[in-house]
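**Q** Here you go, this is protein_10.cif (mmCIF, C-alpha atoms and all ligand atoms).
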```
data_work
loop_
_atom_site.label_atom_id
_atom_site.label_comp_id
_atom_site.auth_asym_id
_atom_site.auth_seq_id
_atom_site.Cartn_x
_atom_site.Cartn_y
_atom_site.Cartn_z
CA MET A 1 6.40 18.28 18.10
CA SER A 2 4.22 15.84 16.26
CA GLY A 3 2.87 16.29 12.76
CA PRO A 4 -0.24 15.03 11.04
CA ILE A 5 -0.99 11.41 10.19
CA ILE A 6 -2.53 11.07 6.75
CA ALA A 7 -3.96 7.67 5.80
CA ILE A 8 -4.36 6.82 2.12
CA ASP A 9 -6.16 3.59 1.27
CA GLY A 10 -7.54 2.16 -1.94
CA PRO A 11 -7.38 -0.73 -4.41
CA ALA A 12 -4.51 -1.77 -6.68
CA GLY A 13 -3.24 0.82 -9.11
CA ALA A 14 -5.51 3.69 -8.05
CA GLY A 15 -2.61 6.12 -7.85
CA LYS A 16 -2.11 6.04 -4.08
CA SER A 17 1.69 6.04 -4.28
CA THR A 18 1.95 9.01 -6.61
CA VAL A 19 -0.53 10.95 -4.52
CA GLY A 20 1.05 9.87 -1.24
CA ARG A 21 4.54 10.89 -2.27
CA ALA A 22 3.38 14.25 -3.60
CA VAL A 23 1.39 15.06 -0.48
CA ALA A 24 4.25 14.02 1.82
CA GLU A 25 6.63 16.23 -0.10
CA ARG A 26 4.21 19.11 0.01
CA LEU A 27 3.80 18.79 3.78
CA GLY A 28 7.48 18.07 4.40
CA VAL A 29 6.76 14.78 6.19
CA GLY A 30 7.80 11.16 5.57
CA TYR A 31 6.00 8.70 3.33
CA LEU A 32 5.47 5.00 4.01
CA ASP A 33 4.26 2.55 1.36
CA THR A 34 2.92 -0.36 3.42
CA GLY A 35 2.17 -2.36 0.26
CA ALA A 36 5.94 -2.44 -0.32
CA MET A 37 6.30 -4.08 3.13
CA TYR A 38 3.83 -6.88 2.23
CA ARG A 39 5.60 -7.19 -1.12
CA ALA A 40 9.03 -7.39 0.58
CA VAL A 41 7.87 -10.23 2.84
CA THR A 42 6.42 -12.00 -0.22
CA PHE A 43 9.75 -11.60 -2.03
CA ALA A 44 11.53 -13.27 0.92
CA VAL A 45 8.90 -16.04 1.03
CA LEU A 46 9.41 -16.87 -2.65
CA ARG A 47 13.18 -16.54 -2.44
CA ARG A 48 13.28 -19.04 0.43
CA GLY A 49 11.09 -21.48 -1.53
CA VAL A 50 8.17 -21.21 0.91
CA ASP A 51 4.56 -21.72 -0.26
CA PRO A 52 2.80 -18.31 0.15
CA ARG A 53 -0.29 -20.14 1.45
CA ASP A 54 1.59 -22.02 4.18
CA GLU A 55 0.62 -19.78 7.12
CA ALA A 56 3.13 -21.04 9.68
CA ALA A 57 6.08 -21.05 7.29
CA VAL A 58 5.21 -17.59 5.94
CA LEU A 59 4.97 -16.20 9.46
CA GLU A 60 8.38 -17.62 10.24
CA VAL A 61 9.80 -15.79 7.21
CA ALA A 62 8.09 -12.54 8.27
CA GLY A 63 9.58 -12.87 11.75
CA SER A 64 13.11 -13.48 10.57
CA VAL A 65 13.46 -11.38 7.40
CA GLU A 66 15.74 -8.35 7.50
CA MET A 67 14.11 -5.64 5.44
CA THR A 68 14.49 -1.93 4.85
CA VAL A 69 11.56 -0.31 3.08
CA GLY A 70 12.78 3.17 2.18
CA GLU A 71 11.26 5.80 -0.07
CA GLU A 72 13.78 5.01 -2.80
CA ARG A 73 14.95 1.43 -2.24
CA VAL A 74 13.71 -1.79 -0.73
CA VAL A 75 16.37 -4.17 0.58
CA VAL A 76 15.42 -7.70 1.67
CA ASP A 77 17.94 -10.01 3.37
CA GLY A 78 20.75 -7.90 1.94
CA VAL A 79 19.40 -8.05 -1.64
CA ASP A 80 18.11 -5.00 -3.51
CA ALA A 81 14.51 -6.03 -4.23
CA THR A 82 13.26 -2.62 -5.41
CA SER A 83 12.17 -3.81 -8.83
CA ASP A 84 11.51 -7.47 -8.05
CA ILE A 85 8.86 -6.62 -5.44
CA ARG A 86 6.82 -5.06 -8.31
CA GLY A 87 7.23 -8.08 -10.59
CA ARG A 88 4.57 -10.51 -11.66
CA GLU A 89 5.63 -13.32 -9.29
CA VAL A 90 5.42 -11.21 -6.16
CA THR A 91 2.23 -9.47 -7.36
CA SER A 92 0.40 -12.75 -7.87
CA SER A 93 1.34 -14.07 -4.39
CA VAL A 94 1.20 -10.95 -2.22
CA SER A 95 -2.53 -11.19 -1.41
CA PHE A 96 -1.96 -14.61 0.23
CA VAL A 97 0.86 -13.29 2.37
CA ALA A 98 -1.22 -10.20 3.25
CA ALA A 99 -4.14 -12.41 4.35
CA ASN A 100 -1.91 -13.99 7.03
CA PRO A 101 -3.02 -12.53 10.42
CA GLY A 102 0.39 -13.06 12.05
CA VAL A 103 2.17 -11.26 9.23
CA ARG A 104 -0.32 -8.42 9.52
CA SER A 105 0.30 -7.98 13.26
CA LEU A 106 4.05 -7.81 12.73
CA LEU A 107 3.80 -5.29 9.90
CA VAL A 108 1.13 -3.16 11.59
CA GLU A 109 3.36 -2.90 14.66
CA ALA A 110 6.28 -1.82 12.45
CA GLN A 111 4.05 0.77 10.71
CA ARG A 112 2.95 2.27 14.04
CA GLY A 113 6.58 2.34 15.15
CA TRP A 114 7.59 4.14 11.97
CA VAL A 115 5.01 6.90 12.62
CA ALA A 116 5.76 7.12 16.35
CA LYS A 117 9.44 7.69 15.59
CA ARG A 118 8.68 10.51 13.15
CA GLY A 119 5.67 11.97 14.93
CA GLY A 120 3.46 11.63 11.82
CA GLY A 121 3.59 11.08 8.10
CA VAL A 122 1.70 9.94 5.04
CA VAL A 123 0.95 6.21 5.19
CA GLU A 124 -0.50 4.33 2.27
CA GLY A 125 -2.12 0.89 2.06
CA ARG A 126 -5.40 -1.00 2.40
CA ASP A 127 -6.20 -0.83 6.13
CA ILE A 128 -4.45 2.34 7.26
CA GLY A 129 -7.54 4.44 8.09
CA THR A 130 -9.59 1.46 9.28
CA VAL A 131 -7.09 -0.49 11.41
CA VAL A 132 -3.57 0.92 11.63
CA PHE A 133 -4.39 4.58 12.36
CA PRO A 134 -8.11 4.87 13.10
CA ASP A 135 -7.40 8.34 14.58
CA ALA A 136 -5.57 9.68 11.51
CA ASP A 137 -5.99 13.42 10.91
CA LEU A 138 -7.15 12.82 7.35
CA LYS A 139 -8.30 9.59 5.71
CA LEU A 140 -8.47 9.30 1.96
CA PHE A 141 -9.84 6.46 -0.11
CA VAL A 142 -8.36 6.76 -3.60
CA THR A 143 -10.02 4.68 -6.29
CA ALA A 144 -10.65 4.44 -10.05
CA SER A 145 -12.36 2.00 -12.37
CA PRO A 146 -10.52 -1.33 -12.92
CA ARG A 147 -10.04 -0.45 -16.59
CA VAL A 148 -8.40 2.88 -15.86
CA ARG A 149 -6.22 1.31 -13.17
CA ALA A 150 -5.11 -1.40 -15.58
CA GLU A 151 -4.32 1.18 -18.27
CA ARG A 152 -2.20 3.17 -15.81
CA ARG A 153 -0.24 0.11 -14.70
CA VAL A 154 0.42 -0.92 -18.31
CA ALA A 155 1.57 2.61 -19.15
CA GLU A 156 4.06 2.39 -16.23
CA ALA A 157 5.24 -1.18 -16.49
CA GLY A 158 4.10 -2.56 -19.84
CA GLY A 159 1.99 -5.65 -20.48
CA ASP A 160 -1.47 -6.32 -21.80
CA VAL A 161 -4.40 -4.20 -20.56
CA ASP A 162 -6.95 -7.04 -20.50
CA GLU A 163 -4.60 -9.31 -18.55
CA MET A 164 -3.69 -6.50 -16.17
CA GLU A 165 -7.36 -5.69 -15.60
CA ALA A 166 -8.12 -9.34 -14.80
CA SER A 167 -5.19 -9.48 -12.34
CA ILE A 168 -6.29 -6.23 -10.65
CA ILE A 169 -9.89 -7.45 -10.32
CA GLU A 170 -8.69 -10.72 -8.78
CA ARG A 171 -6.40 -8.92 -6.30
CA ASP A 172 -9.23 -6.53 -5.36
CA ARG A 173 -11.44 -9.55 -4.73
CA LEU A 174 -8.86 -11.31 -2.52
CA ASP A 175 -8.02 -8.09 -0.63
CA SER A 176 -11.70 -7.20 -0.04
CA THR A 177 -12.90 -10.63 1.06
CA ARG A 178 -10.10 -11.76 3.42
CA ALA A 179 -11.02 -12.27 7.08
CA THR A 180 -8.34 -10.02 8.61
CA SER A 181 -8.44 -6.27 7.84
CA PRO A 182 -10.09 -6.48 4.42
CA LEU A 183 -9.89 -3.51 2.07
CA SER A 184 -12.89 -1.35 3.00
CA VAL A 185 -13.82 2.31 3.08
CA ASP A 186 -13.67 3.90 6.52
CA ALA A 187 -16.79 5.88 7.43
CA ALA A 188 -14.69 9.02 7.96
CA ALA A 189 -12.72 8.71 4.71
CA VAL A 190 -12.93 11.18 1.85
CA THR A 191 -13.32 9.15 -1.35
CA LEU A 192 -11.52 10.37 -4.46
CA ASP A 193 -12.45 8.67 -7.72
CA THR A 194 -9.50 9.40 -9.97
CA SER A 195 -10.92 7.73 -13.13
CA ASP A 196 -11.35 11.04 -14.89
CA LEU A 197 -8.64 13.05 -13.14
CA GLY A 198 -5.01 13.56 -14.12
CA ILE A 199 -2.40 13.10 -11.40
CA ASP A 200 -1.92 16.85 -10.92
CA GLU A 201 -5.64 17.25 -10.37
CA VAL A 202 -5.63 14.42 -7.84
CA VAL A 203 -2.74 15.93 -5.92
CA ALA A 204 -4.44 19.34 -5.99
CA ALA A 205 -7.67 17.79 -4.64
CA VAL A 206 -5.79 16.09 -1.79
CA VAL A 207 -3.83 19.20 -0.92
CA ALA A 208 -7.15 21.08 -0.82
CA GLU A 209 -8.52 18.51 1.66
CA VAL A 210 -5.36 18.81 3.76
CA GLU A 211 -5.58 22.60 3.80
CA ALA A 212 -9.34 22.61 4.47
CA ARG A 213 -8.67 20.64 7.64
CA SER A 214 -5.49 22.55 8.47
CA VAL A 215 -3.78 19.26 9.21
CA GLY A 216 -0.56 20.49 7.63
CA GLY A 217 0.55 22.69 10.49
CA GLY A 218 1.23 20.24 13.29
CA ARG A 219 -1.13 19.43 16.13
O1 LIG B 1 0.62 -0.80 -5.65
P1 LIG B 1 -0.54 -1.72 -5.65
O2 LIG B 1 -1.79 -0.97 -5.58
O3 LIG B 1 -0.45 -2.75 -6.71
O4 LIG B 1 -0.54 -2.59 -4.32
P2 LIG B 1 0.35 -2.37 -3.07
O5 LIG B 1 -0.09 -1.15 -2.35
O6 LIG B 1 1.77 -2.50 -3.45
O7 LIG B 1 -0.07 -3.62 -2.15
C1 LIG B 1 0.22 -4.93 -2.55
C2 LIG B 1 -0.65 -5.89 -1.77
O8 LIG B 1 -0.31 -5.82 -0.38
C3 LIG B 1 -2.15 -5.64 -1.81
O9 LIG B 1 -2.76 -6.25 -2.93
C4 LIG B 1 -2.62 -6.23 -0.49
O10 LIG B 1 -2.81 -7.63 -0.61
C5 LIG B 1 -1.45 -6.00 0.43
N1 LIG B 1 -1.60 -4.87 1.34
C6 LIG B 1 -2.35 -5.02 2.48
O11 LIG B 1 -2.95 -6.07 2.66
N2 LIG B 1 -2.42 -4.03 3.41
C7 LIG B 1 -1.78 -2.88 3.23
N3 LIG B 1 -1.86 -1.94 4.18
C8 LIG B 1 -1.03 -2.66 2.06
C9 LIG B 1 -0.97 -3.67 1.11
#
```
Represent the supplied structure as C-alpha cells.
Ligand code: CDP
**A**
Amino acid sequence: MSGPIIAIDGPAGAGKSTVGRAVAERLGVGYLDTGAMYRAVTFAVLRRGVDPRDEAAVLEVAGSVEMTVGEERVVVDGVDATSDIRGREVTSSVSFVAANPGVRSLLVEAQRGWVAKRGGGVVEGRDIGTVVFPDADLKLFVTASPRVRAERRVAEAGGDVDEMEASIIERDRLDSTRATSPLSVDAAAVTLDTSDLGIDEVVAAVVAEVEARSVGGGR
C-alpha cells in the first residue's frame, strides 16, 4: 500500500525541517531532507579540495561519493558529517553545488527512489513540489521574513543576526535565480508565512491542511 507524498519547499531557515519532521511523525511516514543531500555532496567536494564552481569536477564527486542521509545522521565517505554539513563553509558553497544540473539529476533520481521504496513520505527542499514530485498529494511553501529566519538560525546555532540575515538573503538570491530548478512557488502550493507563528502553530496549521485533504490515510 502506498502512502501520501507531502512536498515542503521554501527558503533558508523558514522552519521546513522542524515542520517536516513533525508532520512525518504525526503521519507515521518517513522524512527526507533533500537540503542535507546537497550539503553532503558539498562537504565531499570541499573535503576533496574541489572548487565548488568547477562543474565537471563537482559532478565527478557527486557520482562517486558514498553517502547516507538518514533522519539522525549524515555519513559521507565513511565520515560522520552530521554537524559539518551545517557549518559555515558548506553553507557558503552549497548553492553553487546545487546549481549544477548534473548533480541535481543524480540527487533527484535518488529522492524519487527513496519515495518509491517507501511508497510515500514527507520530502523537504526547494524544488520538491515543482520538479521532483509535481503530483504530490500536498504541497506546502513555508516561508518567513529574512529577519525572522536569521533570528531563528542564530537562536539555534549562534552567530550574529545581521551577518546571518545577509547570508540568508544571498542564498535566497542564488537559489531563486539559478537556471535549473530555481526556488519558486508551485501554483498548487499552500503558502504558510511563519513570521508570526510559533512552531507548534505551524505544525498545527500543516496538520490541518493534511487532514482537510485526507491525505493521511493512504491512497
Ligand atoms: O536548512 P536550510 O534552509 O539552510 O537549507 P537546506 O534545506 O539545508 O538547503 C541547502 C541548500 O541546498 C539550499 O540553499 C539550496 O541551494 C540547495 N537545495 C536545493 O537546491 N534543492 C533542494 N531540493 C534542497 C536544497
**Q** Tell me which of A:Val79, A:Leu107, A:Ala208, A:Val115 sits closest to Val190 of chain A, counting all atoms listed in the file.
**A**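 Looking at the shortest contact to Val190 of chain A, the residue is A:Ala208.
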**Q** So which one's closest to Glu72 of chain A, A:Leu32, A:Leu174, A:Val132, A:Ile8? Using all atoms listed in the file, please.
**A** A:Leu32
**Q** Taking 6 positions as the minimum chain separation for residues in the same chain, which residues sit within 10 Å of Ala188 of chain A when counting only C-alpha atoms? Answer as a VMD selection string.
**A** chain A and resid 129 to 130 134 to 136 138 to 141
**Q** Pick out the closest residue to Ala212 of chain A from this set: A:Ile85, A:Arg104, A:Asp137, A:Ser92. Count all atoms listed in the file.
**A**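 So, comparing all the options, the nearest one is A:Asp137.
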**Q** Within 9 Å of Gly13 of chain A, counting only C-alpha atoms, which residues qualify if same-chain residues fewer than 5 places away don't, as a list in words?
**A**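 The filter keeps Thr143, Ala144, Pro146, Val148, Arg149, Ala150, Arg152, Arg153 and Ile168 of chain A.
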**Q** Using all atoms listed in the file, which of A:Pro101, A:Gly63, A:Gly125, A:Gly198 sits nearest ligand LIG 1 (chain B)?
**A**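 Among A:Pro101, A:Gly63, A:Gly125, A:Gly198, it is A:Gly125 that comes nearest to ligand LIG 1 (chain B).
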**Q** With distances taken over only C-alpha atoms and all ligand atoms, which residue among A:Val76, A:Ala98, A:Ala56, A:Ile6 lies nearest ligand LIG 1 (chain B)?
**A** A:Ala98
**Q** Please, what distance in Å, to one decimal, runs between atom CA of Ser167 of chain A and atom C9 of ligand LIG 1 (chain B)?
**A**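 Atom C9 of ligand LIG 1 (chain B) lies at a distance of 15.2 Å from atom CA of Ser167 of chain A.
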**Q** Let me see if you get this right: every residue at most 8 Å from ligand LIG 1 (chain B), counting all atoms listed in the file, written as a VMD selection string.
**A** chain A and resid 9 to 17 33 to 39 86 91 94 to 99 104 124 to 128 168 171 to 172 174 to 175 181 to 183
**Q** Atom CA of Arg147 of chain A and atom CA of Glu170 of chain A, how far apart in Å?
**A**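 These two atoms are separated by 13.0 Å.
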**Q** A:Asp162, A:Glu211, A:Glu60, A:Asp77: which is nearest Val103 of chain A, counting all atoms listed in the file?
**A**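 Among the listed residues, the smallest separation from Val103 of chain A belongs to A:Glu60.
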**Q** Please work out which residues fall within 12 Å of (10.0, -16.1, 7.5), coordinates as given in the file, with all atoms listed in the file counting, and return them as JSON, numbers by chain.
**A** {"A": [40, 41, 42, 43, 44, 45, 46, 47, 48, 49, 50, 51, 52, 54, 55, 56, 57, 58, 59, 60, 61, 62, 63, 64, 65, 66, 67, 76, 77, 97, 102, 103, 106]}
**Q** Please compute the atom CA of Glu209 of chain A-atom CA of Ser145 of chain A distance, one decimal, in Å.
**A** 22.0 Å
**Q** Write out as a list in words each polymer residue whose atoms come within 10 Å of segment 28-31 of chain A, counting all atoms listed in the file; drop sequence neighbours fewer than 2 positions from it.
**A**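 Surrounding residues, per the criterion: Gly3, Pro4, Ile5, Ile6, Ser17, Gly20, Arg21, Ala22, Val23, Ala24, Glu25, Arg26, Asp33, Thr34, Gly70, Glu71, Trp114, Val115, Arg118, Gly119, Gly120, Gly121, Val122, Val123, Glu124 and Gly216 of chain A.
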